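Pasting query-v1.cif here (mmCIF, C-alpha atoms):
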data_data
#
loop_
_atom_site.label_atom_id
_atom_site.label_comp_id
_atom_site.auth_asym_id
_atom_site.auth_seq_id
_atom_site.Cartn_x
_atom_site.Cartn_y
_atom_site.Cartn_z
CA MET A 53 -12.77 -31.95 23.54
CA ASN A 54 -9.05 -32.71 23.57
CA THR A 55 -7.06 -35.15 25.65
CA VAL A 56 -4.52 -33.17 27.68
CA VAL A 57 -1.01 -34.53 27.42
CA GLN A 58 1.48 -33.14 29.91
CA GLU A 59 4.94 -32.86 28.41
CA ARG A 60 7.25 -30.48 30.21
CA THR A 61 10.50 -31.77 28.73
CA ARG A 62 11.88 -33.57 25.72
CA THR A 63 15.03 -35.68 25.42
CA LEU A 64 17.81 -34.63 23.07
CA PRO A 65 20.16 -37.09 21.28
CA ASN A 66 22.93 -36.30 23.77
CA GLY A 67 20.74 -37.42 26.68
CA HIS A 68 20.15 -33.93 28.08
CA ILE A 69 16.60 -32.95 28.94
CA PRO A 70 16.22 -29.16 28.46
CA GLU A 71 13.32 -27.17 29.86
CA LEU A 72 10.73 -25.92 27.44
CA ARG A 73 10.76 -22.23 26.65
CA PRO A 74 8.85 -20.09 29.19
CA ASP A 75 6.28 -19.09 26.56
CA ALA A 76 5.67 -22.69 25.44
CA GLU A 77 2.32 -24.41 25.88
CA PRO A 78 3.19 -28.03 26.79
CA THR A 79 -0.13 -29.37 25.49
CA MET A 80 0.68 -27.94 22.05
CA THR A 81 4.11 -29.47 21.45
CA ARG A 82 4.42 -31.65 18.39
CA ALA A 83 4.51 -34.86 20.42
CA ALA A 84 1.41 -33.87 22.39
CA ARG A 85 -0.49 -33.02 19.22
CA LYS A 86 0.46 -36.38 17.67
CA GLU A 87 -0.96 -38.21 20.67
CA ARG A 88 -4.22 -36.30 20.41
CA ILE A 89 -4.44 -36.99 16.68
CA ALA A 90 -4.09 -40.69 17.39
CA TRP A 91 -6.79 -40.47 20.07
CA ARG A 92 -9.18 -38.63 17.78
CA ARG A 93 -8.67 -41.18 15.03
CA GLU A 94 -9.68 -43.94 17.42
CA HIS A 95 -12.57 -42.01 19.07
CA LEU A 96 -14.19 -40.16 16.17
CA ALA A 97 -17.71 -40.20 17.62
CA GLU A 98 -16.62 -38.82 20.99
CA TRP A 99 -14.47 -36.19 19.27
CA ARG A 100 -17.44 -35.22 17.08
CA ARG A 101 -19.65 -34.71 20.13
CA GLY A 102 -17.03 -32.36 21.56
CA LEU A 103 -17.00 -30.34 18.33
CA GLU A 104 -20.77 -29.96 18.44
CA ASN A 105 -20.47 -28.18 21.79
CA LEU A 106 -18.49 -25.35 20.17
CA GLY A 107 -20.47 -22.17 19.62
CA HIS A 108 -19.04 -21.84 16.11
CA PHE A 109 -19.69 -25.46 15.11
CA ASP A 110 -20.58 -25.74 11.41
CA PRO A 111 -22.45 -28.96 10.56
CA GLU A 112 -21.53 -28.54 6.88
CA PHE A 113 -17.79 -28.25 7.50
CA ILE A 114 -15.79 -31.47 7.32
CA TYR A 115 -13.54 -31.25 10.37
CA ASP A 116 -10.02 -32.65 10.13
CA PHE A 117 -8.85 -34.79 13.06
CA ALA A 118 -5.28 -33.62 12.35
CA HIS A 119 -6.19 -30.15 13.65
CA GLU A 120 -7.28 -28.49 16.85
CA TYR A 121 -10.62 -26.65 17.12
CA ASP A 122 -11.02 -24.59 20.26
CA TYR A 123 -13.54 -21.96 21.35
CA GLU A 124 -11.50 -19.00 20.01
CA TRP A 125 -8.76 -20.53 17.87
CA THR A 126 -7.86 -23.37 15.51
CA THR A 127 -4.83 -24.82 13.78
CA ASP A 128 -6.86 -25.54 10.62
CA PRO A 129 -6.04 -22.88 7.97
CA ASP A 130 -9.21 -23.77 6.06
CA TYR A 131 -11.59 -23.21 8.96
CA GLY A 132 -13.40 -19.91 8.46
CA ALA A 133 -15.70 -19.56 11.47
CA GLU A 134 -16.15 -15.94 12.49
CA GLY A 135 -14.15 -14.89 15.54
CA VAL A 136 -11.90 -17.98 15.45
CA ARG A 137 -8.20 -17.16 15.06
CA LEU A 138 -5.73 -19.29 13.16
CA LEU A 139 -2.73 -20.22 15.32
CA GLU A 140 0.45 -21.98 14.25
CA PHE A 141 2.65 -23.68 16.87
CA ASP A 142 6.25 -24.77 16.55
CA GLU A 143 7.52 -28.12 17.89
CA ASP A 144 7.92 -26.66 21.38
CA GLY A 145 4.31 -25.48 21.54
CA VAL A 146 5.11 -21.80 20.97
CA VAL A 147 2.77 -19.70 18.86
CA SER A 148 4.51 -18.75 15.64
CA PRO A 149 5.70 -15.11 15.61
CA LEU A 150 4.67 -14.89 11.96
CA GLU A 151 1.07 -14.28 12.89
CA LYS A 152 1.26 -10.54 13.59
CA ARG A 153 3.61 -9.83 10.71
CA ALA A 154 1.51 -11.84 8.27
CA TRP A 155 -1.59 -9.86 9.21
CA LYS A 156 0.25 -6.60 8.56
CA ILE A 157 1.39 -7.86 5.18
CA GLN A 158 -2.13 -8.98 4.25
CA GLU A 159 -3.67 -5.64 5.22
CA ARG A 160 -1.08 -3.67 3.28
CA MET A 161 -1.39 -5.97 0.27
CA ALA A 162 -5.15 -5.52 0.21
CA ASP A 163 -4.88 -1.73 0.43
CA ALA A 164 -2.33 -1.49 -2.37
CA ALA A 165 -4.21 -3.98 -4.53
CA ALA A 166 -7.47 -2.06 -4.05
CA ASP A 167 -5.78 1.14 -5.24
CA ALA A 168 -4.24 -0.62 -8.23
CA LEU A 169 -7.69 -1.94 -9.21
CA THR A 170 -9.40 1.46 -9.10
CA ASP A 171 -11.55 2.09 -12.18
CA THR A 172 -11.71 -1.65 -12.94
CA ASP A 173 -14.43 -4.23 -12.39
CA LEU A 174 -12.20 -6.10 -9.91
CA GLU A 175 -11.84 -5.90 -6.12
CA ALA A 176 -9.26 -7.15 -3.62
CA ASP A 177 -9.99 -9.19 -0.48
CA TYR A 178 -7.77 -10.77 2.17
CA GLU A 179 -8.36 -13.68 4.53
CA LEU A 180 -11.42 -14.57 2.46
CA GLU A 181 -12.70 -18.14 2.55
CA VAL A 182 -13.26 -19.69 -0.87
CA ARG A 183 -15.46 -22.75 -1.41
CA PHE A 184 -14.65 -24.81 -4.51
CA ARG A 185 -16.68 -27.03 -6.79
CA PRO A 186 -16.65 -30.67 -5.61
CA GLU A 187 -14.98 -31.83 -8.82
CA THR A 188 -12.18 -29.27 -8.33
CA ILE A 189 -11.47 -30.52 -4.81
CA ALA A 190 -11.69 -34.15 -5.91
CA TYR A 191 -9.12 -33.54 -8.66
CA ALA A 192 -6.68 -31.73 -6.32
CA ASN A 193 -7.03 -34.41 -3.65
CA GLN A 194 -6.37 -37.20 -6.13
CA ALA A 195 -3.56 -35.40 -7.96
CA THR A 196 -1.59 -34.61 -4.81
CA GLY A 197 -2.48 -37.53 -2.54
CA GLU A 198 -2.69 -35.01 0.31
CA SER A 199 -3.06 -36.76 3.65
CA HIS A 200 -5.18 -33.91 5.02
CA PRO A 201 -6.95 -32.59 1.92
CA VAL A 202 -9.36 -29.70 1.62
CA ARG A 203 -12.98 -30.72 2.14
CA LYS A 204 -14.75 -27.63 0.87
CA GLY A 205 -12.49 -24.61 0.68
CA VAL A 206 -9.47 -22.62 1.82
CA ARG A 207 -8.65 -19.17 3.09
CA ALA A 208 -6.58 -17.05 0.72
CA ASP A 209 -4.14 -14.46 2.10
CA LEU A 210 -5.07 -12.14 -0.78
CA LEU A 211 -7.26 -12.61 -3.81
CA VAL A 212 -8.61 -10.48 -6.62
CA ARG A 213 -12.22 -11.19 -7.50
CA ALA A 214 -14.92 -9.75 -9.70
CA ALA A 215 -16.87 -6.86 -8.19
CA VAL A 216 -20.40 -8.00 -7.32
CA SER A 217 -23.67 -6.19 -6.85
CA VAL A 218 -25.76 -6.46 -3.68
CA GLN A 219 -27.90 -9.14 -5.31
CA GLU A 220 -24.84 -11.05 -6.55
CA ARG A 221 -23.25 -10.84 -3.11
CA GLU A 222 -26.26 -12.52 -1.55
CA ARG A 223 -26.05 -15.24 -4.18
CA PHE A 224 -22.30 -15.75 -4.57
CA MET A 225 -20.93 -14.59 -1.17
CA PRO A 226 -23.38 -15.71 1.53
CA GLU A 227 -21.94 -15.20 5.03
CA GLY A 228 -18.89 -13.58 3.47
CA ILE A 229 -17.69 -16.78 1.77
CA LEU A 230 -16.87 -16.76 -1.93
CA ARG A 231 -18.87 -19.70 -3.26
CA LEU A 232 -17.38 -20.97 -6.51
CA ASP A 233 -19.54 -24.03 -5.99
CA LEU A 234 -22.59 -21.76 -6.35
CA GLY A 235 -21.39 -20.24 -9.60
CA ALA A 236 -19.36 -17.26 -8.36
CA PRO A 237 -16.73 -16.10 -10.87
CA VAL A 238 -13.32 -17.65 -10.25
CA PRO A 239 -10.90 -15.08 -8.79
CA PRO A 240 -8.28 -14.29 -11.44
CA LEU A 241 -5.45 -13.88 -8.89
CA VAL A 242 -4.50 -15.40 -5.53
CA LEU A 243 -1.46 -14.54 -3.40
CA GLU A 244 -0.23 -16.55 -0.43
CA VAL A 245 2.41 -15.49 2.13
CA LEU A 246 4.40 -18.53 3.21
CA SER A 247 4.93 -19.67 6.78
CA ARG A 248 7.21 -22.48 7.88
CA GLY A 249 4.38 -24.79 8.82
CA TRP A 250 2.35 -24.38 5.62
CA ALA A 251 4.91 -23.56 2.90
CA GLY A 252 4.74 -27.05 1.40
CA ARG A 253 0.96 -26.96 1.32
CA ASP A 254 0.91 -23.56 -0.44
CA LEU A 255 3.49 -24.66 -3.01
CA SER A 256 1.99 -28.07 -3.75
CA TYR A 257 -1.59 -28.74 -2.74
CA LYS A 258 -2.97 -25.19 -3.01
CA LYS A 259 -1.08 -24.66 -6.26
CA VAL A 260 -2.81 -27.67 -7.78
CA LEU A 261 -6.15 -26.59 -6.30
CA TYR A 262 -5.95 -23.07 -7.75
CA GLU A 263 -4.73 -24.44 -11.06
CA ALA A 264 -7.70 -26.84 -11.23
CA ALA A 265 -10.06 -23.96 -10.37
CA ARG A 266 -8.56 -21.92 -13.27
CA VAL A 267 -7.10 -19.09 -11.21
CA VAL A 268 -5.12 -17.17 -13.84
CA GLU A 269 -2.23 -15.93 -11.66
CA TYR A 270 -0.93 -17.53 -8.47
CA LEU A 271 1.69 -15.68 -6.43
CA VAL A 272 3.63 -17.01 -3.45
CA TYR A 273 5.84 -14.81 -1.26
CA ASP A 274 8.63 -16.19 0.90
CA LEU A 275 9.77 -13.73 3.58
CA GLY A 276 13.00 -15.72 3.71
CA GLY A 277 13.64 -19.12 5.22
CA LYS A 278 10.05 -20.35 4.90
CA ARG A 279 10.35 -22.91 2.07
CA SER A 280 13.47 -24.31 3.70
CA THR A 281 16.25 -23.18 6.00
CA GLY A 282 18.05 -20.34 4.26
CA SER A 283 15.59 -20.03 1.36
CA PRO A 284 15.90 -16.52 -0.10
CA ARG A 285 13.38 -13.74 0.23
CA GLU A 286 11.50 -14.18 -3.02
CA LEU A 287 8.23 -13.67 -4.88
CA LEU A 288 7.20 -16.64 -7.01
CA MET A 289 4.65 -16.16 -9.78
CA TYR A 290 2.71 -18.75 -11.78
CA ARG A 291 0.45 -18.02 -14.74
CA LEU A 292 -2.18 -20.31 -16.22
CA VAL A 293 -1.27 -21.25 -19.80
CA ASP A 294 -3.32 -23.86 -21.64
CA GLY A 295 -4.84 -25.03 -18.36
CA ALA A 296 -1.53 -25.48 -16.49
CA TYR A 297 0.64 -23.24 -14.32
CA HIS A 298 3.95 -22.05 -15.76
CA ARG A 299 6.55 -20.26 -13.66
CA VAL A 300 6.89 -16.59 -14.66
CA GLU A 301 10.36 -15.09 -14.59
CA PRO A 302 10.92 -11.58 -13.20
CA GLU A 303 11.54 -8.62 -15.50
CA PRO A 304 15.36 -8.30 -15.65
CA GLN A 305 15.40 -4.63 -16.68
CA ARG A 306 13.16 -3.52 -13.83
CA SER A 307 14.19 -5.85 -11.00
CA THR A 308 16.74 -4.84 -8.38
CA ALA A 309 18.91 -6.69 -5.90
CA ASN A 310 16.19 -6.32 -3.25
CA ALA A 311 13.01 -6.79 -5.29
CA ASP A 312 12.03 -8.85 -8.32
CA VAL A 313 9.50 -7.18 -10.60
CA PHE A 314 6.77 -9.07 -12.45
CA TRP A 315 4.22 -8.08 -15.05
CA SER A 316 0.70 -9.01 -13.92
CA ASP A 317 -2.02 -9.45 -16.53
CA VAL A 318 -4.63 -9.16 -13.78
CA PHE A 319 -3.37 -5.85 -12.41
CA ASP A 320 -2.36 -4.77 -15.93
CA THR A 321 0.88 -3.35 -14.56
CA TYR A 322 4.12 -4.31 -12.85
CA ILE A 323 4.08 -5.53 -9.22
CA ARG A 324 6.72 -6.30 -6.60
CA PHE A 325 7.39 -6.85 -2.90
CA LEU A 326 9.82 -4.24 -1.61
CA PRO A 327 11.48 -5.14 1.71
CA ASP A 328 11.60 -2.36 4.27
CA ILE A 329 15.12 -0.94 4.14
CA ARG A 330 15.33 -1.28 7.94
CA ASP A 331 14.66 -5.02 7.71
CA ILE A 332 17.85 -5.51 5.71
CA SER A 333 20.13 -4.30 8.52
CA ALA A 334 21.97 -6.82 10.67
CA GLU A 335 20.52 -5.23 13.81
CA MET A 336 16.94 -5.74 12.61
CA GLN A 337 17.67 -9.32 11.57
CA ARG A 338 18.48 -10.12 15.19
CA ARG A 339 15.03 -8.99 16.36
CA PRO A 340 12.04 -11.34 16.67
CA GLU A 341 10.35 -11.60 13.30
CA GLU A 342 7.03 -10.24 14.54
CA ASN A 343 8.80 -6.99 15.57
CA ARG A 344 10.41 -6.42 12.18
CA PRO A 345 8.79 -4.14 9.58
CA PRO A 346 6.85 -5.98 6.87
CA PRO A 347 7.63 -5.58 3.17
CA ARG A 348 5.50 -3.45 0.87
CA PHE A 349 3.39 -4.89 -1.90
CA GLN A 350 3.65 -2.27 -4.65
CA TRP A 351 2.28 -1.62 -8.14
CA TRP A 352 3.66 0.57 -10.90
CA ASP A 353 1.56 3.65 -11.75
CA ALA A 354 2.50 4.59 -15.31
CA ARG A 355 0.61 7.89 -15.11
CA GLN A 356 2.58 9.05 -12.09
CA ASP A 357 5.72 7.20 -13.19
CA ARG A 358 6.38 5.70 -9.76
CA TRP A 359 5.86 2.66 -7.52
CA ARG A 360 2.83 2.94 -5.28
CA ASP A 361 1.38 1.61 -2.06
CA ARG A 362 -0.44 3.60 0.60
CA GLU A 363 2.61 4.21 2.76
CA THR A 364 4.57 5.34 -0.30
CA ASP A 365 1.63 7.54 -1.30
CA ARG A 366 1.75 9.22 2.09
CA GLU A 367 5.50 9.73 1.76
CA HIS A 368 4.99 11.13 -1.75
CA ALA A 369 2.30 13.54 -0.50
CA ARG A 370 4.55 14.71 2.36
CA GLU A 371 7.43 15.26 -0.07
CA ALA A 372 5.17 17.17 -2.49
CA GLU A 373 3.95 19.34 0.40
CA ARG A 374 7.54 19.97 1.52
CA GLN A 375 8.55 20.96 -2.02
CA ARG A 376 5.53 23.26 -2.31
CA HIS A 377 6.45 24.90 0.99
CA ASP A 378 10.06 25.32 -0.20
CA ARG A 379 8.89 26.91 -3.46
CA GLU A 380 6.60 29.33 -1.64
CA LEU A 381 9.39 30.23 0.79
CA LYS A 382 11.82 30.87 -2.09
CA GLU A 383 9.23 32.94 -3.94
CA THR A 384 8.53 34.97 -0.80
CA ARG A 385 12.23 35.59 -0.27
CA ALA A 386 12.71 36.51 -3.92
CA ALA A 387 9.73 38.88 -3.79
CA SER A 388 11.10 40.47 -0.63
CA LEU A 389 14.48 40.84 -2.29
CA ARG A 390 12.94 42.36 -5.40
CA GLU A 391 10.84 44.69 -3.24
CA GLY A 392 13.92 45.73 -1.32
CA GLU A 393 15.86 46.30 -4.51
CA ALA A 394 12.94 48.32 -5.92
CA ARG A 395 12.81 50.46 -2.78
CA GLY A 396 16.55 51.02 -3.05
CA GLU A 397 16.30 51.99 -6.73
CA ALA A 398 13.42 54.36 -5.99
CA LYS A 399 15.38 55.93 -3.14
CA SER A 400 18.46 56.47 -5.33
CA ALA A 401 16.35 57.84 -8.19
CA VAL A 402 14.56 60.31 -5.88
CA ALA A 403 17.91 61.44 -4.49
CA ALA A 404 19.11 62.16 -8.05
CA LEU A 405 15.82 63.93 -8.81
CA HIS A 406 16.26 66.38 -5.94
CA ALA A 407 19.98 66.79 -6.49
CA PHE A 408 19.57 67.94 -10.11
CA LEU A 409 16.03 69.28 -10.44
CA ASP A 410 15.18 71.00 -7.13
CA GLU A 411 15.84 74.36 -8.79
CA VAL A 412 14.18 73.39 -12.06
CA LEU A 413 10.78 71.93 -11.10
CA ALA A 414 8.11 73.10 -8.73
CA PRO A 415 7.91 71.36 -5.32
CA ALA A 416 4.42 70.00 -6.11
CA ASP A 417 5.73 68.45 -9.35
CA LEU A 418 8.72 66.95 -7.54
CA GLU A 419 6.40 65.46 -4.92
CA ARG A 420 4.18 64.06 -7.69
CA ILE A 421 7.19 62.41 -9.36
CA GLU A 422 8.53 61.04 -6.08
CA THR A 423 5.16 59.48 -5.20
CA ALA A 424 4.85 57.83 -8.62
CA TRP A 425 8.37 56.44 -8.46
CA HIS A 426 7.85 54.94 -5.00
CA ARG A 427 4.59 53.42 -6.20
CA ASN A 428 5.56 52.17 -9.67
CA GLY A 429 9.34 52.33 -9.65
CA PRO A 430 11.47 54.86 -11.53
CA PRO A 431 12.31 54.55 -15.26
CA THR A 432 15.22 52.22 -15.90
CA ASP A 433 17.25 55.05 -17.53
CA VAL A 434 16.32 57.60 -14.88
CA LEU A 435 19.67 59.46 -14.90
CA GLN A 436 19.53 60.00 -18.66
CA ARG A 437 15.97 61.32 -18.36
CA VAL A 438 16.99 63.70 -15.56
CA ARG A 439 19.75 65.09 -17.81
CA ASP A 440 17.24 65.46 -20.66
CA VAL A 441 14.93 67.47 -18.37
CA LEU A 442 17.82 69.82 -17.61
CA ARG A 443 18.02 70.52 -21.35
CA THR A 444 14.26 70.70 -21.97
CA PRO A 445 12.42 71.34 -18.71
CA SER A 446 9.05 71.62 -20.48
CA GLU A 447 9.20 67.89 -21.31
CA TRP A 448 9.55 66.78 -17.69
CA ARG A 449 6.15 65.04 -17.62
CA SER A 450 6.78 62.76 -20.60
CA LEU A 451 10.36 62.09 -19.45
CA LEU A 452 9.86 61.51 -15.73
CA LEU A 453 6.25 60.32 -15.71
CA PRO A 454 6.10 58.37 -18.96
CA GLY A 455 2.95 56.51 -17.94
CA GLU A 456 1.00 59.59 -16.87
CA LEU A 457 -0.36 62.54 -18.87
CA ASP A 458 -1.29 65.96 -17.57
CA ASP A 459 -4.94 66.80 -18.13
CA ASN A 460 -3.95 70.50 -18.40
CA ASP A 461 -1.37 69.79 -21.09
CA PRO A 462 -2.58 71.41 -24.35
CA ASN A 463 -0.98 68.53 -26.25
CA HIS A 464 -3.14 66.04 -24.34
CA ALA A 465 -6.25 65.21 -26.31
CA PRO A 466 -9.31 65.17 -24.07
CA THR A 467 -10.97 61.85 -23.42
CA PRO A 468 -14.00 61.62 -25.71
CA PRO A 469 -17.31 61.39 -23.88
CA GLU A 470 -19.09 58.05 -23.87
CA PRO A 471 -21.96 57.95 -26.37
CA GLU A 472 -25.44 58.35 -24.94
CA PRO A 473 -27.67 55.30 -25.15
CA PRO A 474 -30.33 55.54 -27.88
CA LYS A 475 -33.60 57.04 -26.78
CA GLY A 476 -36.58 54.80 -26.79
CA ARG A 477 -39.31 55.29 -29.42
#
Encoding of this model in structure tokens:
Amino acid sequence: MNTVVQERTRTLPNGHIPELRPDAEPTMTRAARKERIAWRREHLAEWRRGLENLGHFDPEFIYDFAHEYDYEWTTDPDYGAEGVRLLEFDEDGVVSPLEKRAWKIQERMADAAADALTDTDLEADYELEVRFRPETIAYANQATGESHPVRKGVRADLLVRAAVSVQERERFMPEGILRLDLGAPVPPLVLEVLSRGWAGRDLSYKKVLYEAARVVEYLVYDLGGKRSTGSPRELLMYRLVDGAYHRVEPEPQRSTANADVFWSDVFDTYIRFLPDIRDISAEMQRRPEENRPPPRFQWWDARQDRWRDRETDREHAREAERQRHDRELKETRAASLREGEARGEAKSAVAALHAFLDEVLAPADLERIETAWHRNGPPTDVLQRVRDVLRTPSEWRSLLLPGELDDNDPNHAPTPPEPEPPKGR
């Protein structure tokens, strides 16, 4: 399908000719791609015949000669054929390291968004292709003058859409594509994660496209250095007001040095991107970007009074389990201590009992008292009660066994018998 252009080296302004990086694909350098674009422009029919030989060829899709379409990959971000990966190459023909990290971010965003939308009539999707109404695309193409405009639709990194029934899915999402051109409800929120190659497209063309489609909130996240060299790590938010996007400023009271916080009408709560604390270190900054931990897309749970995403939820559950274990351990230790103290008190009380009353009370009564004290604990004023028994030995039961009464005691009123049930007629 493509004309192969061999380009092992490139000339620098100083005349030196450096070797390409070992992981570079020479046929995918910028110069090689430009030559193939020029060839395709001049040989459209031949190029079209090559496309038709692809197993994933879509006769309804308007292919763009500025992009590559291979058997398992493409450089066209709007091409949604199943099993075809999107690849981005730098000028040396090296696959962008953003790919793996971007996928991780998209997966985590979708998980957190799905949790935030629980108990609502909205759902979250990522890497979902969206087809627009022809008039929407025509307006965006004319308004931006894009040299490679969208023909039918785009893929959104994350979007929030209306939940649909099985019947509505067959009508509005055939083949897993959200068909606004068939009357599907417009997603109220779209979020794009910027990459160096497509940052301008996300911030200009797609912004106009989503605005024309009446997407209520459009969010763009720059991991740092994607809009331009040295551009800060930042979440940008636009909200549709009177048919046009207006930039939303972060909440100053809730934002921190590492994360701006925004109120989202769609999520009906605050949202933010929180960079992984490890990614801030100088050591991590020196690593390849694909090997660095992705940030967390989080939402504020007012009921739990905390920021949430699934990783944070797991950390919160582990901390709650640790605290529960600590409480149980402390309670066990306290109970053991109390039990030990009780045994010590009972032992001291029994020693006093025998020391003062061995000659006063019968051995069976002493054994009865000792058993009760070991079981229930002695009276708190046991020494005073022992002295009182020395003065009035006949009162030993009420003094030393205050919770027990002697059935043989004449002062003990007998327990009245239970009444007999009435006899039947």
- Query: What residues have an atom no more than 7 Å from (-11.1, -9.5, -8.9) in the file's own frame, counting all atoms listed in the file, and can you write them as an MDAnalysis selection string?
  - Reply: chainID A and resid 174:176 212:215 239:240
Restricting it to C-alpha atoms, dump the selection as a compact mmCIF listing (two decimals), in the frame of the given file.
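The resulting file, out.txt, is reproduced below:
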# COMPACT_ATOMS: atom_id res chain seq x y z
CA LEU A 174 -12.20 -6.10 -9.91
CA GLU A 175 -11.84 -5.90 -6.12
CA ALA A 176 -9.26 -7.15 -3.62
CA VAL A 212 -8.61 -10.48 -6.62
CA ARG A 213 -12.22 -11.19 -7.50
CA ALA A 214 -14.92 -9.75 -9.70
CA ALA A 215 -16.87 -6.86 -8.19
CA PRO A 239 -10.90 -15.08 -8.79
CA PRO A 240 -8.28 -14.29 -11.44
- Message: Env of region 267-269 of chain A: 12 Å cut, atoms = only C-alpha atoms, seq-sep filter 2 positions within chain, self excluded. Answer as number ranges by chain.
- Response: A: 184, 188, 210-213, 232, 237-244, 258-265, 271-272, 288-300, 314-320
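Residues in contact range of His119 (chain A), defined as at most 10 Å between only C-alpha atoms, with sequence neighbours fewer than 2 positions away removed, read Arg85, Lys86, Arg88, Ile89, Arg92, Tyr115, Asp116, Phe117, Tyr121, Asp122, Thr126, Thr127, Asp128, Pro129, Tyr131 and His200 of chain A.
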Would you put the residues from that selection into a file with C-alpha atoms, as a PDB file, in the frame of the given file?
ATOM      1  CA  ARG A  85      -0.490 -33.020  19.220  1.00  0.00           C
ATOM      2  CA  LYS A  86       0.460 -36.380  17.670  1.00  0.00           C
ATOM      3  CA  ARG A  88      -4.220 -36.300  20.410  1.00  0.00           C
ATOM      4  CA  ILE A  89      -4.440 -36.990  16.680  1.00  0.00           C
ATOM      5  CA  ARG A  92      -9.180 -38.630  17.780  1.00  0.00           C
ATOM      6  CA  TYR A 115     -13.540 -31.250  10.370  1.00  0.00           C
ATOM      7  CA  ASP A 116     -10.020 -32.650  10.130  1.00  0.00           C
ATOM      8  CA  PHE A 117      -8.850 -34.790  13.060  1.00  0.00           C
ATOM      9  CA  TYR A 121     -10.620 -26.650  17.120  1.00  0.00           C
ATOM     10  CA  ASP A 122     -11.020 -24.590  20.260  1.00  0.00           C
ATOM     11  CA  THR A 126      -7.860 -23.370  15.510  1.00  0.00           C
ATOM     12  CA  THR A 127      -4.830 -24.820  13.780  1.00  0.00           C
ATOM     13  CA  ASP A 128      -6.860 -25.540  10.620  1.00  0.00           C
ATOM     14  CA  PRO A 129      -6.040 -22.880   7.970  1.00  0.00           C
ATOM     15  CA  TYR A 131     -11.590 -23.210   8.960  1.00  0.00           C
ATOM     16  CA  HIS A 200      -5.180 -33.910   5.020  1.00  0.00           C
TER      17      HIS A 200
END
Just so the selection is clear, what residues does the PyMOL selection byres ((chain A and resi 437) around 12) cover here, as a short mmCIF file (atom, residue, chain, number, x, y, z; two decimals) with C-alpha atoms, in the frame of the given file?
data_model
loop_
_atom_site.label_atom_id
_atom_site.label_comp_id
_atom_site.auth_asym_id
_atom_site.auth_seq_id
_atom_site.Cartn_x
_atom_site.Cartn_y
_atom_site.Cartn_z
CA ALA A 401 16.35 57.84 -8.19
CA ALA A 404 19.11 62.16 -8.05
CA LEU A 405 15.82 63.93 -8.81
CA PHE A 408 19.57 67.94 -10.11
CA LEU A 409 16.03 69.28 -10.44
CA PRO A 430 11.47 54.86 -11.53
CA PRO A 431 12.31 54.55 -15.26
CA THR A 432 15.22 52.22 -15.90
CA ASP A 433 17.25 55.05 -17.53
CA VAL A 434 16.32 57.60 -14.88
CA LEU A 435 19.67 59.46 -14.90
CA GLN A 436 19.53 60.00 -18.66
CA VAL A 438 16.99 63.70 -15.56
CA ARG A 439 19.75 65.09 -17.81
CA ASP A 440 17.24 65.46 -20.66
CA VAL A 441 14.93 67.47 -18.37
CA LEU A 442 17.82 69.82 -17.61
CA ARG A 443 18.02 70.52 -21.35
CA THR A 444 14.26 70.70 -21.97
CA PRO A 445 12.42 71.34 -18.71
CA GLU A 447 9.20 67.89 -21.31
CA TRP A 448 9.55 66.78 -17.69
CA ARG A 449 6.15 65.04 -17.62
CA SER A 450 6.78 62.76 -20.60
CA LEU A 451 10.36 62.09 -19.45
CA LEU A 452 9.86 61.51 -15.73
CA LEU A 453 6.25 60.32 -15.71
CA PRO A 454 6.10 58.37 -18.96
#
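One distance worth recording is that between CA of Trp352 (chain A) and CA of Asp177 (chain A), which is 19.8 Å.
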- Best match for closeness to Leu275 (chain A) among A:Glu227, A:Asp233, A:Glu187, A:Asp328, counting only C-alpha atoms: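 Counting only C-alpha atoms, the residue closest to Leu275 (chain A) is A:Asp328.
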- Using only C-alpha atoms, which of A:His95, A:Asp173, A:Ala165, A:Gln219 sits nearest Ile323 (chain A)?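 Using only C-alpha atoms, Ile323 (chain A) sits closest to A:Ala165.
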- Explicit residues for the PyMOL selection byres ((chain A and resi 427) around 12) (as a ChimeraX atom specification): /A:391,394-395,397-399,420-426,428-431,453
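Distance annotation: of A:His108, A:Arg160, A:Arg366, A:Arg248, the residue with the minimal separation from Glu143 (chain A) is A:Arg248; atom set is only C-alpha atoms.
CA of Tyr178 (chain A) is positioned 20.2 Å from CA of Tyr322 (chain A).
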- Message: With only C-alpha atoms as the counted atoms, please give the residues lying no more than 6 Å from Glu181 (chain A), apart from itself and same-chain residues fewer than 4 positions off, as a ChimeraX atom specification.
- Response: /A:206-207,229
- With the file shown as input, list the residues that the PyMOL selection byres ((chain A and resi 276) around 12) selects, as an MDAnalysis selection string. chainID A and resid 150 245:248 251 272:275 277:287 327 331:332 337 341 346:347
- Item | CA of Ala164 (chain A) to CA of Trp351 (chain A), distance in Å rounded to a single decimal |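 CA of Trp351 (chain A) lies at a distance of 7.4 Å from CA of Ala164 (chain A).
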- Task: Give the answer as one residue: which of A:Arg362, A:Arg185, A:Arg221, A:Arg266 has the shortest atom-to-atom distance to Ala166 (chain A), using all atoms listed in the file?
- Result: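 Smallest separation from Ala166 (chain A) among the options: A:Arg362.
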- Message: Could you check the closest approach to Leu418 (chain A) for each of A:Arg379, A:His406, A:Lys204, A:Arg306 and tell me which residue wins, using all atoms listed in the file?
- Response: A:His406
- Query: When distances are computed from all atoms listed in the file, which of A:Ala83, A:Ala236, A:Ala311, A:Ala76 shows the smallest separation from Gln350 (chain A)?
  - Reply: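 Comparing A:Ala83, A:Ala236, A:Ala311, A:Ala76 against Gln350 (chain A), the winner is A:Ala311.
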